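Structure file model-v3.cif with mmCIF, C-alpha atoms:
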```cif
data_my_file
loop_
_atom_site.label_atom_id
_atom_site.label_comp_id
_atom_site.auth_asym_id
_atom_site.auth_seq_id
_atom_site.Cartn_x
_atom_site.Cartn_y
_atom_site.Cartn_z
CA MET M 20 1.32 -19.86 -10.52
CA THR M 21 2.93 -18.25 -7.52
CA GLY M 22 1.63 -16.03 -4.79
CA ARG M 23 -0.67 -16.44 -1.89
CA GLU M 24 -2.27 -19.83 -1.29
CA GLU M 25 -5.07 -19.90 1.29
CA ARG M 26 -5.22 -22.63 3.85
CA LEU M 27 -8.53 -21.51 5.28
CA PRO M 28 -8.39 -18.24 7.18
CA HIS M 29 -8.61 -17.83 10.85
CA ARG M 30 -12.06 -17.80 12.18
CA VAL M 31 -13.43 -16.07 15.16
CA SER M 32 -15.64 -18.19 17.30
CA ILE M 33 -17.21 -17.32 20.58
CA ILE M 34 -17.14 -20.20 22.94
CA ASN M 35 -18.80 -19.96 26.32
CA PHE M 36 -17.46 -22.35 28.93
CA LYS M 37 -19.10 -23.05 32.22
CA LYS M 38 -16.66 -24.36 34.73
CA VAL M 39 -17.56 -26.07 37.89
CA MET M 40 -15.76 -26.78 41.15
CA LYS M 41 -16.99 -29.58 43.36
CA ILE M 42 -15.88 -30.94 46.75
CA LYS M 43 -15.36 -34.47 45.54
CA ASN M 44 -15.24 -34.82 41.79
CA LEU M 45 -13.98 -32.51 39.12
CA PHE M 46 -15.72 -32.72 35.82
CA ILE M 47 -15.64 -30.75 32.66
CA ALA M 48 -18.78 -30.91 30.65
CA LEU M 49 -18.44 -29.20 27.31
CA PHE M 50 -21.41 -28.85 25.06
CA ALA M 51 -22.12 -26.53 22.14
CA ALA M 52 -25.32 -25.07 20.75
CA SER M 53 -23.95 -25.35 17.19
CA ALA M 54 -21.81 -27.95 15.47
CA LEU M 55 -18.03 -28.06 15.63
CA PHE M 56 -16.03 -30.31 17.84
CA ALA M 57 -14.56 -33.77 18.11
CA CYS M 58 -12.98 -35.82 20.82
CA ASN M 59 -10.46 -38.47 21.58
CA ASP M 60 -10.72 -39.59 25.18
CA ASP M 61 -13.44 -40.92 27.42
CA GLU M 62 -13.98 -39.72 30.97
CA SER M 63 -10.53 -39.65 32.50
CA LEU M 64 -9.50 -40.28 36.06
CA VAL M 65 -6.95 -38.36 38.08
CA PRO M 66 -5.96 -39.61 41.55
CA ASP M 67 -7.25 -37.70 44.53
CA ASN M 68 -4.73 -35.74 46.54
CA ASN M 69 -4.69 -34.43 50.07
CA GLN M 70 -6.08 -31.08 48.99
CA GLY M 71 -9.40 -32.45 47.75
CA THR M 72 -10.95 -32.23 44.32
CA LYS M 73 -13.15 -29.96 42.17
CA SER M 74 -15.74 -30.14 39.44
CA ILE M 75 -15.58 -27.83 36.43
CA SER M 76 -18.32 -27.74 33.82
CA VAL M 77 -17.52 -26.11 30.46
CA SER M 78 -20.09 -25.44 27.73
CA LEU M 79 -19.42 -24.27 24.17
CA ALA M 80 -21.87 -22.28 22.08
CA GLY M 81 -21.96 -20.46 18.77
CA MET M 82 -19.63 -22.65 16.74
CA SER M 83 -20.72 -22.99 13.13
CA GLY M 84 -19.49 -22.63 9.57
CA VAL M 85 -16.66 -24.29 7.65
CA LYS M 86 -14.82 -22.90 4.65
CA THR M 87 -12.79 -24.62 1.96
CA ARG M 88 -9.27 -24.19 0.65
CA ALA M 89 -8.60 -21.39 -1.85
CA THR M 90 -5.60 -21.15 -4.16
CA GLU M 91 -6.05 -17.64 -5.58
CA ALA M 92 -8.29 -15.09 -3.90
CA GLY M 93 -8.89 -16.16 -0.32
CA ASN M 94 -12.17 -17.23 1.19
CA PHE M 95 -14.43 -14.42 2.32
CA LEU M 96 -15.03 -14.86 6.04
CA THR M 97 -17.82 -13.39 8.14
CA LYS M 98 -18.54 -13.04 11.84
CA ASP M 99 -20.33 -16.41 11.61
CA THR M 100 -17.36 -18.25 10.08
CA MET M 101 -15.95 -20.50 12.75
CA ASN M 102 -13.62 -23.36 12.02
CA VAL M 103 -12.45 -25.25 15.09
CA ASN M 104 -11.62 -28.93 14.66
CA SER M 105 -9.99 -29.69 18.00
CA VAL M 106 -9.81 -28.21 21.47
CA LEU M 107 -7.02 -28.41 24.06
CA ILE M 108 -8.14 -27.77 27.64
CA ASN M 109 -5.45 -27.12 30.24
CA LEU M 110 -6.45 -27.04 33.90
CA THR M 111 -3.75 -25.21 35.86
CA ASP M 112 -2.94 -24.09 39.38
CA ALA M 113 -2.59 -20.45 40.37
CA SER M 114 0.96 -20.28 38.95
CA GLY M 115 -0.18 -21.50 35.55
CA ALA M 116 1.40 -24.96 35.87
CA VAL M 117 -0.67 -27.56 34.04
CA VAL M 118 -2.34 -30.05 36.39
CA LYS M 119 -4.62 -31.76 33.88
CA SER M 120 -4.75 -31.55 30.10
CA GLU M 121 -7.24 -32.95 27.62
CA THR M 122 -7.54 -32.74 23.81
CA ILE M 123 -10.91 -33.31 22.14
CA THR M 124 -11.03 -33.77 18.38
CA LYS M 125 -14.00 -33.33 16.10
CA ASP M 126 -15.72 -36.44 14.73
CA ALA M 127 -19.19 -37.56 13.67
CA THR M 128 -19.61 -40.56 16.00
CA VAL M 129 -22.65 -40.72 18.25
CA ASN M 130 -21.74 -40.63 21.97
CA SER M 131 -18.10 -39.82 21.21
CA ASN M 132 -16.34 -37.25 23.34
CA TRP M 133 -16.99 -34.67 20.63
CA ASP M 134 -20.65 -35.57 20.55
CA LYS M 135 -20.81 -35.21 24.33
CA LEU M 136 -19.02 -31.88 24.08
CA VAL M 137 -21.38 -30.28 21.56
CA ASN M 138 -24.60 -31.89 22.77
CA PRO M 139 -26.34 -29.74 25.43
CA ASP M 140 -28.06 -32.85 26.80
CA LYS M 141 -24.79 -34.66 27.46
CA GLY M 142 -21.45 -33.17 28.48
CA TYR M 143 -17.86 -34.26 28.95
CA LYS M 144 -16.46 -34.76 32.45
CA PHE M 145 -13.12 -35.11 34.22
CA ILE M 146 -13.24 -37.03 37.49
CA ASN M 147 -11.19 -36.40 40.65
CA VAL M 148 -9.15 -33.39 39.54
CA PRO M 149 -7.04 -31.81 42.33
CA GLN M 150 -8.50 -28.84 44.17
CA THR M 151 -5.35 -26.86 43.40
CA ILE M 152 -6.83 -26.11 39.98
CA SER M 153 -7.81 -22.46 39.76
CA LYS M 154 -7.61 -21.60 36.04
CA VAL M 155 -8.85 -23.08 32.80
CA TYR M 156 -7.01 -22.39 29.52
CA VAL M 157 -8.71 -23.34 26.28
CA TYR M 158 -7.06 -23.54 22.84
CA GLY M 159 -8.87 -24.22 19.59
CA ASN M 160 -6.85 -25.81 16.76
CA PRO M 161 -3.72 -25.96 18.95
CA GLY M 162 -1.65 -28.15 16.60
CA THR M 163 1.96 -27.94 17.75
CA ALA M 164 1.70 -24.27 18.76
CA VAL M 165 1.01 -24.91 22.48
CA THR M 166 3.67 -26.43 24.75
CA ASP M 167 3.54 -26.30 28.56
CA ASN M 168 0.63 -23.87 28.28
CA GLN M 169 2.75 -21.46 26.20
CA ILE M 170 2.01 -20.42 22.61
CA THR M 171 4.73 -20.18 19.95
CA THR M 172 3.64 -19.96 16.33
CA THR M 173 4.31 -18.11 13.07
CA LEU M 174 2.09 -16.17 10.69
CA ALA M 175 2.78 -18.74 7.98
CA GLN M 176 1.20 -21.35 10.25
CA GLN M 177 -1.87 -19.21 11.00
CA GLN M 178 -3.50 -18.98 7.60
CA GLY M 179 -7.03 -19.61 6.42
CA SER M 180 -9.84 -20.13 8.90
CA GLU M 181 -8.46 -23.01 10.94
CA VAL M 182 -6.24 -20.78 13.06
CA LEU M 183 -5.38 -20.91 16.73
CA TYR M 184 -8.09 -19.78 19.14
CA PHE M 185 -7.39 -18.92 22.76
CA GLY M 186 -9.24 -18.05 25.96
CA VAL M 187 -8.73 -18.36 29.72
CA ASP M 188 -10.86 -18.22 32.85
CA GLU M 189 -8.99 -17.23 35.97
CA ASP M 190 -11.92 -16.94 38.37
CA LEU M 191 -13.95 -20.11 39.00
CA THR M 192 -17.06 -18.46 40.39
CA PRO M 193 -19.93 -18.48 41.33
CA ILE M 194 -20.53 -21.66 43.33
CA GLU M 195 -23.64 -23.84 42.98
CA SER M 196 -24.89 -26.92 44.79
CA GLU M 197 -25.22 -30.23 42.97
CA PRO M 198 -27.03 -31.94 41.37
CA ILE M 199 -26.30 -30.06 38.13
CA ASP M 200 -26.93 -31.50 34.68
CA PRO M 201 -25.42 -33.14 32.76
CA ASP M 202 -24.25 -36.12 34.81
CA PRO M 203 -25.38 -34.76 38.18
CA THR M 204 -23.26 -35.68 41.18
CA SER M 205 -22.76 -34.48 44.75
CA GLY M 206 -20.88 -31.55 46.22
CA LYS M 207 -20.48 -27.96 45.07
CA THR M 208 -19.81 -26.65 41.59
CA TYR M 209 -18.20 -23.44 40.45
CA THR M 210 -19.43 -21.91 37.21
CA ALA M 211 -17.26 -19.77 34.94
CA ASN M 212 -17.33 -18.42 31.39
CA VAL M 213 -14.53 -18.58 28.84
CA THR M 214 -14.51 -16.93 25.44
CA ILE M 215 -11.99 -18.13 22.89
CA LYS M 216 -11.19 -16.24 19.72
CA PRO M 217 -8.55 -16.32 16.99
CA ILE M 218 -5.14 -14.88 17.87
CA VAL M 219 -5.08 -13.15 14.48
CA ALA M 220 -6.99 -10.32 12.86
CA ARG M 221 -8.00 -10.55 9.20
CA LEU M 222 -7.88 -7.89 6.49
CA GLN M 223 -10.21 -8.63 3.57
CA ILE M 224 -10.31 -6.64 0.33
CA THR M 225 -13.72 -7.55 -1.01
CA LYS M 226 -13.66 -5.34 -4.09
CA VAL M 227 -11.25 -3.17 -6.09
CA ILE M 228 -13.05 -0.33 -7.87
CA VAL M 229 -11.45 1.88 -10.52
CA LYS M 230 -12.89 5.39 -10.67
CA PRO M 231 -12.94 6.05 -14.44
CA SER M 232 -13.26 9.84 -14.21
CA GLY M 233 -13.43 12.58 -11.61
CA SER M 234 -11.32 15.04 -9.67
CA PHE M 235 -9.71 15.60 -6.29
CA GLU M 236 -7.93 18.36 -4.42
CA PHE M 237 -4.21 17.80 -3.89
CA THR M 238 -2.12 19.89 -1.48
CA ARG M 239 1.62 20.33 -1.20
CA VAL M 240 3.83 22.49 1.02
CA ILE M 241 6.09 24.63 -1.18
CA SER M 242 8.64 27.00 0.42
CA GLY M 243 6.81 26.81 3.71
CA SER M 244 3.41 27.60 2.23
CA GLN M 245 0.57 25.17 1.58
CA LYS M 246 -0.50 25.13 -2.04
CA GLN M 247 -3.48 23.35 -3.58
CA ALA M 248 -4.34 22.09 -7.02
CA THR M 249 -7.41 20.47 -8.52
CA VAL M 250 -6.54 17.26 -10.36
CA SER M 251 -8.99 15.84 -12.90
CA TRP M 252 -9.13 13.00 -15.43
CA THR M 253 -11.62 11.57 -17.92
CA GLY M 254 -10.36 8.00 -18.23
CA PHE M 255 -8.54 5.49 -16.01
CA ASP M 256 -8.21 1.77 -16.71
CA PRO M 257 -5.23 0.17 -14.89
CA LYS M 258 -4.38 -3.53 -14.69
CA LEU M 259 -3.88 -5.14 -11.27
CA LYS M 260 -0.72 -7.29 -11.19
CA GLY M 261 -0.28 -8.02 -7.50
CA ILE M 262 -1.32 -7.27 -3.92
CA TYR M 263 1.30 -7.28 -1.16
CA LEU M 264 1.09 -7.17 2.64
CA ASN M 265 3.87 -5.17 4.31
CA ASN M 266 4.96 -4.07 7.80
CA PHE M 267 3.78 -7.08 9.80
CA TYR M 268 5.15 -9.39 12.50
CA THR M 269 5.65 -13.07 11.70
CA THR M 270 6.23 -14.69 15.13
CA TYR M 271 3.73 -14.90 18.01
CA HIS M 272 4.42 -15.89 21.61
CA ASP M 273 1.41 -14.34 23.35
CA SER M 274 -0.85 -11.32 22.93
CA THR M 275 1.88 -8.98 24.21
CA SER M 276 4.87 -10.67 22.58
CA VAL M 277 5.27 -10.65 18.80
CA ALA M 278 8.56 -10.61 16.93
CA ASP M 279 10.29 -10.64 13.52
CA LEU M 280 8.93 -7.54 11.78
CA TYR M 281 8.82 -7.80 7.99
CA ASN M 282 8.93 -4.35 6.39
CA ASN M 283 10.09 -3.45 2.88
CA ALA M 284 10.81 0.16 1.93
CA SER M 285 11.13 -0.63 -1.77
CA SER M 286 9.83 -3.08 -4.34
CA VAL M 287 13.22 -3.20 -6.07
CA ASN M 288 14.68 -6.72 -5.75
CA ASN M 289 11.82 -7.62 -3.40
CA ILE M 290 8.95 -8.17 -5.84
CA LEU M 291 10.81 -10.59 -8.05
CA GLU M 292 9.70 -13.51 -10.24
CA GLY M 293 6.56 -14.19 -8.22
CA LYS M 294 8.36 -13.81 -4.90
CA TRP M 295 7.80 -11.27 -2.10
CA LEU M 296 11.23 -11.10 -0.49
CA PHE M 297 12.18 -9.66 2.89
CA ASN M 298 15.77 -9.36 4.08
CA GLN M 299 15.81 -10.87 7.61
CA PRO M 300 18.92 -10.56 7.20
CA THR M 301 18.94 -13.09 4.36
CA ALA M 302 16.13 -13.05 1.84
CA VAL M 303 12.92 -14.73 3.02
CA ASP M 304 10.05 -15.30 0.59
CA ALA M 305 6.66 -14.50 2.18
CA ALA M 306 4.66 -14.70 -1.06
CA ALA M 307 2.67 -17.74 0.07
CA TYR M 308 0.88 -15.86 2.86
CA ALA M 309 1.61 -12.15 2.26
CA SER M 310 0.86 -11.60 -1.43
CA TYR M 311 -1.43 -12.39 -4.34
CA SER M 312 0.04 -12.64 -7.84
CA LYS M 313 0.16 -14.92 -10.89
CA TYR M 314 3.67 -15.18 -12.30
CA THR M 315 3.89 -17.43 -15.35
CA GLY M 316 6.17 -17.49 -18.38
CA GLY M 317 8.34 -14.66 -17.08
CA SER M 318 5.52 -12.14 -16.55
CA TYR M 319 2.72 -11.28 -14.15
CA GLU M 320 -0.83 -12.00 -15.25
CA ASP M 321 -3.74 -9.68 -14.49
CA LEU M 322 -5.63 -10.23 -11.24
CA PRO M 323 -9.41 -9.79 -11.23
CA LEU M 324 -10.77 -6.56 -9.78
CA THR M 325 -14.20 -8.08 -9.15
CA LEU M 326 -14.31 -11.24 -7.04
CA PRO M 327 -17.05 -13.81 -6.42
CA ALA M 328 -19.14 -13.16 -3.32
CA ASP M 329 -17.35 -15.90 -1.37
CA LYS M 330 -13.82 -14.68 -2.17
CA SER M 331 -11.58 -11.81 -1.08
CA TYR M 332 -7.96 -10.72 -1.16
CA ALA M 333 -7.31 -11.54 2.49
CA PHE M 334 -4.40 -11.37 4.91
CA ASN M 335 -4.17 -12.68 8.46
CA ILE M 336 -2.04 -10.54 10.79
CA PHE M 337 -0.90 -10.57 14.40
CA PRO M 338 -2.22 -7.33 15.97
CA SER M 339 0.74 -5.34 17.26
CA ASP M 340 2.26 -1.87 17.57
CA GLN M 341 2.66 -1.68 13.78
CA LEU M 342 0.03 -0.57 11.27
CA PRO M 343 -0.12 -3.02 8.35
CA LYS M 344 0.40 -1.70 4.82
CA ILE M 345 -1.06 -3.11 1.63
CA HIS M 346 0.41 -2.33 -1.80
CA LEU M 347 -1.50 -2.77 -5.06
CA ASP M 348 0.89 -3.23 -7.99
CA LEU M 349 -0.58 -1.70 -11.15
CA ALA M 350 0.38 -1.61 -14.82
CA ASP M 351 -0.93 -0.14 -18.11
CA LEU M 352 -2.53 2.76 -16.29
CA ASN M 353 -4.25 4.26 -19.38
CA ILE M 354 -5.04 7.65 -17.80
CA ALA M 355 -6.93 9.99 -20.14
CA ASN M 356 -6.76 13.80 -19.93
CA LEU M 357 -5.06 13.94 -16.55
CA ALA M 358 -4.82 17.64 -15.71
CA SER M 359 -3.83 19.90 -12.82
CA THR M 360 -4.62 23.52 -12.08
CA ASP M 361 -1.09 24.03 -10.68
CA LEU M 362 1.80 22.01 -12.14
CA ALA M 363 4.08 22.96 -9.24
CA VAL M 364 1.71 21.24 -6.85
CA PHE M 365 0.82 18.26 -9.03
CA ASN M 366 2.52 17.45 -12.33
CA PRO M 367 0.47 15.02 -14.48
CA ALA M 368 3.57 14.14 -16.51
CA LEU M 369 4.93 12.23 -13.51
CA ALA M 370 1.98 9.86 -13.54
CA ASN M 371 3.73 7.79 -16.23
CA THR M 372 6.26 6.63 -13.61
CA ALA M 373 3.58 5.61 -11.11
CA ARG M 374 3.06 1.97 -10.25
CA PHE M 375 1.71 1.44 -6.75
CA ALA M 376 -1.47 2.25 -4.89
CA ASN M 377 -0.33 2.14 -1.27
CA ILE M 378 -2.84 1.59 1.52
CA VAL M 379 -1.18 2.87 4.68
CA LYS M 380 -4.11 4.49 6.46
CA TYR M 381 -7.51 3.30 7.67
CA LEU M 382 -10.34 5.44 9.01
CA ARG M 383 -13.32 4.72 11.19
CA ASN M 384 -16.48 6.80 10.83
CA VAL M 385 -15.09 8.62 7.78
CA ASN M 386 -12.71 10.96 9.62
CA THR M 387 -11.30 9.04 12.60
CA GLU M 388 -7.96 7.57 11.66
CA MET M 389 -7.25 4.14 13.11
CA THR M 390 -4.03 3.33 14.93
CA ALA M 391 -2.27 -0.02 15.23
CA ALA M 392 -3.95 -0.49 18.61
CA ASP M 393 -7.38 -0.40 16.92
CA PHE M 394 -6.73 -3.68 15.12
CA LYS M 395 -7.95 -6.46 17.40
CA ALA M 396 -7.46 -10.21 17.39
CA GLY M 397 -10.55 -12.14 16.37
CA THR M 398 -11.80 -9.31 14.16
CA ILE M 399 -12.41 -9.23 10.42
CA TYR M 400 -11.84 -5.93 8.60
CA ASN M 401 -13.60 -5.78 5.23
CA MET M 402 -12.38 -3.21 2.74
CA GLU M 403 -13.53 -1.92 -0.61
CA VAL M 404 -10.68 -0.20 -2.44
CA GLU M 405 -11.36 2.61 -4.91
CA LEU M 406 -8.43 3.56 -7.16
CA ILE M 407 -7.83 7.01 -8.61
CA PRO M 408 -4.83 8.12 -10.72
CA MET M 409 -2.84 9.41 -7.75
CA LEU M 410 -0.21 6.71 -7.42
CA ASP M 411 3.37 6.21 -6.25
CA ASN M 412 6.41 4.87 -8.06
CA ASP M 413 7.45 2.70 -5.08
CA LEU M 414 6.39 1.55 -1.62
CA GLU M 415 7.49 4.73 0.15
CA ASN M 416 6.66 8.41 -0.54
CA ILE M 417 3.15 7.45 0.36
CA GLN M 418 0.37 9.72 -0.87
CA PHE M 419 -2.57 7.95 0.77
CA ASN M 420 -3.94 7.44 -2.69
CA VAL M 421 -6.52 4.73 -2.11
CA LEU M 422 -10.06 5.14 -0.84
CA VAL M 423 -10.91 2.16 1.33
CA HIS M 424 -14.35 1.37 2.75
CA VAL M 425 -13.93 -0.91 5.75
CA THR M 426 -16.52 -2.85 7.72
CA ILE M 427 -15.46 -4.67 10.88
CA ALA M 428 -17.16 -8.05 11.10
CA PRO M 429 -16.36 -9.56 14.50
CA TRP M 430 -19.21 -10.52 16.79
CA THR M 431 -20.67 -7.04 16.60
CA GLU M 432 -20.74 -5.09 13.35
CA GLU M 433 -18.93 -1.79 13.04
CA THR M 434 -18.32 0.33 9.95
CA ILE M 435 -15.06 2.17 9.30
CA THR M 436 -14.57 4.33 6.22
CA PRO M 437 -11.03 5.31 5.21
CA GLY M 438 -10.49 8.19 2.78
CA PHE M 439 -7.96 10.04 0.65
CA ASP M 440 -5.26 12.11 2.27
CA LEU M 441 -4.00 14.01 -0.75
CA ASP M 442 -1.32 15.99 1.04
CA GLN M 443 2.42 15.96 0.43
#
```

Could you spell out this file's structure in structure tokens?
Amino acid sequence: MTGREERLPHRVSIINFKKVMKIKNLFIALFAASALFACNDDESLVPDNNQGTKSISVSLAGMSGVKTRATEAGNFLTKDTMNVNSVLINLTDASGAVVKSETITKDATVNSNWDKLVNPDKGYKFINVPQTISKVYVYGNPGTAVTDNQITTTLAQQQGSEVLYFGVDEDLTPIESEPIDPDPTSGKTYTANVTIKPIVARLQITKVIVKPSGSFEFTRVISGSQKQATVSWTGFDPKLKGIYLNNFYTTYHDSTSVADLYNNASSVNNILEGKWLFNQPTAVDAAAYASYSKYTGGSYEDLPLTLPADKSYAFNIFPSDQLPKIHLDLADLNIANLASTDLAVFNPALANTARFANIVKYLRNVNTEMTAADFKAGTIYNMEVELIPMLDNDLENIQFNVLVHVTIAPWTEETITPGFDLDQ
């Protein structure tokens, strides 16, 4: 079998960090209200310098939920799905240069650094950190993506739920007098809040619905005049052969710097033997993270339209200036009594050449069309796709022929409802 293989989608987790500055000792105490974090180092010492030292206390809350690997349809994630297994904390000066760095890895050992981090009665501390520190950068699941406080990663590396999280606090205020739990000491402490969230957004198709009968109004401009036809049908039973993500960036440097746009204008020589090929300029196969299909014995098997409650056809994306497209590859359309009130506007005979249902538009609140800027990192977009027999024969000449119901599931729920745009 070829096609997309889930490695646990990115998860959005809200992490609140309290940072503290102190005259003599700098400590970071991280503790979470839920479970999710491990550690690797005990309290660490940094020599004092002539500029004095600080204390920074960081607390984590709201981390819960772990998903498992999926090989066909991806795991269905919710706003409560959070999968962070390690945290990198970089303490920097005003220029962003790293002064102190610490990685804490999840484990199940009592009194380990992870246990101190997630236990509100304990806390993890750094001692004698230079007073030059003015910012705290926090990365969840950093892997090899963070070097010298800079992120460089690819979309292929940011799949599933265990994706890179990021947050920064650049203002260590307000100040409080010690003693402050945990591990009270002397001096003054600055308190700050940091929220980390995934660097990706996630598109989840939770259901594909075939409308077996019905009608719609289709409009076309002919000789400068807008004409309209009513299209109806009494039977529709297509087979789903593949789902393909298109028009997306594959390299991430920071939230304002993405690169390597993958965009196919045609399926010809691109959807091939289980592969999803992009010419960049040589052919690159993105099937593992940008498509779902089952190619065996020289043919594509049918994909299920109805998925279990914990599964979805899901794609992680880097939010950018490009609107992602999703193409549903169909076969054996079996359209019964497809008719049109004006053959010049819509010719049912052409439906035999149709193949793709192309999702290229998303709406919020039924009639407000979303732009690329509306797709935010750390947000899950749930979609129900309803198919009607108004399809395209390739990836372009888009007819907006798919009805998609979308629910945003970040930390606050929002409903967006895309619709048909049957104009040409």

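Neighbours of range 315-320 of chain M closer than or equal to 12 Å, with only C-alpha atoms counted and sequence neighbours fewer than 5 positions away skipped, come out as Met20, Thr21, Gly22, Lys258, Leu259, Lys260, Gly261, Ile262, Ile290, Leu291, Glu292, Gly293, Lys294, Asp348, Leu349 and Ala350 of chain M.
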
| request: Identify the residues around (0.1, -18.0, 22.7) within a radius of 12 Å, measuring from all atoms listed in the file in the coordinates stated by the file, and give them as a PyMOL selection string. | output: chain M and resi 156-159+161-173+177+182-187+216-219+270-277+337

| request: Give as a list of chain:residue names the residues that the PyMOL selection byres ((chain M and resi 327-332) around 10) matches when applied to the coordinates above. | output: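 With the PyMOL selection byres ((chain M and resi 327-332) around 10) on this model, the match is M:Arg23, M:Glu25, M:Lys86, M:Ala89, M:Glu91, M:Ala92, M:Gly93, M:Asn94, M:Phe95, M:Leu96, M:Thr97, M:Leu222, M:Gln223, M:Ile224, M:Thr225, M:Lys226, M:Val227, M:Ile262, M:Tyr263, M:Ser310, M:Tyr311, M:Pro323, M:Leu324, M:Thr325, M:Leu326, M:Ala333, M:Phe334, M:Asn401, M:Met402.
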
Go ahead and save the residues from that selection, with C-alpha atoms, as a CSV table (one decimal), keeping the file's coordinate frame.
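Result written to out.csv:
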```csv
chain,number,residue,atom,x,y,z
M,23,ARG,CA,-0.7,-16.4,-1.9
M,25,GLU,CA,-5.1,-19.9,1.3
M,86,LYS,CA,-14.8,-22.9,4.6
M,89,ALA,CA,-8.6,-21.4,-1.8
M,91,GLU,CA,-6.0,-17.6,-5.6
M,92,ALA,CA,-8.3,-15.1,-3.9
M,93,GLY,CA,-8.9,-16.2,-0.3
M,94,ASN,CA,-12.2,-17.2,1.2
M,95,PHE,CA,-14.4,-14.4,2.3
M,96,LEU,CA,-15.0,-14.9,6.0
M,97,THR,CA,-17.8,-13.4,8.1
M,222,LEU,CA,-7.9,-7.9,6.5
M,223,GLN,CA,-10.2,-8.6,3.6
M,224,ILE,CA,-10.3,-6.6,0.3
M,225,THR,CA,-13.7,-7.6,-1.0
M,226,LYS,CA,-13.7,-5.3,-4.1
M,227,VAL,CA,-11.2,-3.2,-6.1
M,262,ILE,CA,-1.3,-7.3,-3.9
M,263,TYR,CA,1.3,-7.3,-1.2
M,310,SER,CA,0.9,-11.6,-1.4
M,311,TYR,CA,-1.4,-12.4,-4.3
M,323,PRO,CA,-9.4,-9.8,-11.2
M,324,LEU,CA,-10.8,-6.6,-9.8
M,325,THR,CA,-14.2,-8.1,-9.2
M,326,LEU,CA,-14.3,-11.2,-7.0
M,333,ALA,CA,-7.3,-11.5,2.5
M,334,PHE,CA,-4.4,-11.4,4.9
M,401,ASN,CA,-13.6,-5.8,5.2
M,402,MET,CA,-12.4,-3.2,2.7
```

| field | Reference answer for the PyMOL selection byres ((chain M and resi 395) around 8), as a list in words | value |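 Output from the PyMOL selection byres ((chain M and resi 395) around 8), applied to this file: Val219, Ala220, Pro338, Ala392, Asp393, Phe394, Ala396, Gly397 and Thr398 of chain M.
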
| task | For the structure shown, which residues end up in the PyMOL selection byres ((chain M and resi 365-375) around 9)? Put them as a PyMOL selection string, please? | result | chain M and resi 237-239+247-250+346-350+352+354+357-364+376-377+408-414

With C-alpha atoms kept, could you save the residues just selected as a PDB file, in the frame of the given file?
```pdb
ATOM      1  CA  PHE M 237      -4.210  17.800  -3.890  1.00  0.00           C
ATOM      2  CA  THR M 238      -2.120  19.890  -1.480  1.00  0.00           C
ATOM      3  CA  ARG M 239       1.620  20.330  -1.200  1.00  0.00           C
ATOM      4  CA  GLN M 247      -3.480  23.350  -3.580  1.00  0.00           C
ATOM      5  CA  ALA M 248      -4.340  22.090  -7.020  1.00  0.00           C
ATOM      6  CA  THR M 249      -7.410  20.470  -8.520  1.00  0.00           C
ATOM      7  CA  VAL M 250      -6.540  17.260 -10.360  1.00  0.00           C
ATOM      8  CA  HIS M 346       0.410  -2.330  -1.800  1.00  0.00           C
ATOM      9  CA  LEU M 347      -1.500  -2.770  -5.060  1.00  0.00           C
ATOM     10  CA  ASP M 348       0.890  -3.230  -7.990  1.00  0.00           C
ATOM     11  CA  LEU M 349      -0.580  -1.700 -11.150  1.00  0.00           C
ATOM     12  CA  ALA M 350       0.380  -1.610 -14.820  1.00  0.00           C
ATOM     13  CA  LEU M 352      -2.530   2.760 -16.290  1.00  0.00           C
ATOM     14  CA  ILE M 354      -5.040   7.650 -17.800  1.00  0.00           C
ATOM     15  CA  LEU M 357      -5.060  13.940 -16.550  1.00  0.00           C
ATOM     16  CA  ALA M 358      -4.820  17.640 -15.710  1.00  0.00           C
ATOM     17  CA  SER M 359      -3.830  19.900 -12.820  1.00  0.00           C
ATOM     18  CA  THR M 360      -4.620  23.520 -12.080  1.00  0.00           C
ATOM     19  CA  ASP M 361      -1.090  24.030 -10.680  1.00  0.00           C
ATOM     20  CA  LEU M 362       1.800  22.010 -12.140  1.00  0.00           C
ATOM     21  CA  ALA M 363       4.080  22.960  -9.240  1.00  0.00           C
ATOM     22  CA  VAL M 364       1.710  21.240  -6.850  1.00  0.00           C
ATOM     23  CA  ALA M 376      -1.470   2.250  -4.890  1.00  0.00           C
ATOM     24  CA  ASN M 377      -0.330   2.140  -1.270  1.00  0.00           C
ATOM     25  CA  PRO M 408      -4.830   8.120 -10.720  1.00  0.00           C
ATOM     26  CA  MET M 409      -2.840   9.410  -7.750  1.00  0.00           C
ATOM     27  CA  LEU M 410      -0.210   6.710  -7.420  1.00  0.00           C
ATOM     28  CA  ASP M 411       3.370   6.210  -6.250  1.00  0.00           C
ATOM     29  CA  ASN M 412       6.410   4.870  -8.060  1.00  0.00           C
ATOM     30  CA  ASP M 413       7.450   2.700  -5.080  1.00  0.00           C
ATOM     31  CA  LEU M 414       6.390   1.550  -1.620  1.00  0.00           C
TER      32      LEU M 414
END
```

| query | Distance CA of Thr124 in chain M-CA of Ser180 in chain M, one decimal place? | reply | 16.7 Å

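What separates CA of Gln341 in chain M from CA of Leu280 in chain M is a distance of 8.8 Å.
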
| Computed interatomic separation between CA of Pro149 in chain M and CA of Asp134 in chain M (Å) |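 Computed distance, CA of Pro149 in chain M to CA of Asp134 in chain M, equals 26.0 Å.
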
| task | With only C-alpha atoms counted, which protein, DNA or RNA residues have an atom no more than 12 Å from (-2.7, 1.9, 13.3) in the file frame? Please answer as a VMD selection string. | result | chain M and resid 266 to 267 338 to 344 378 to 383 387 to 395
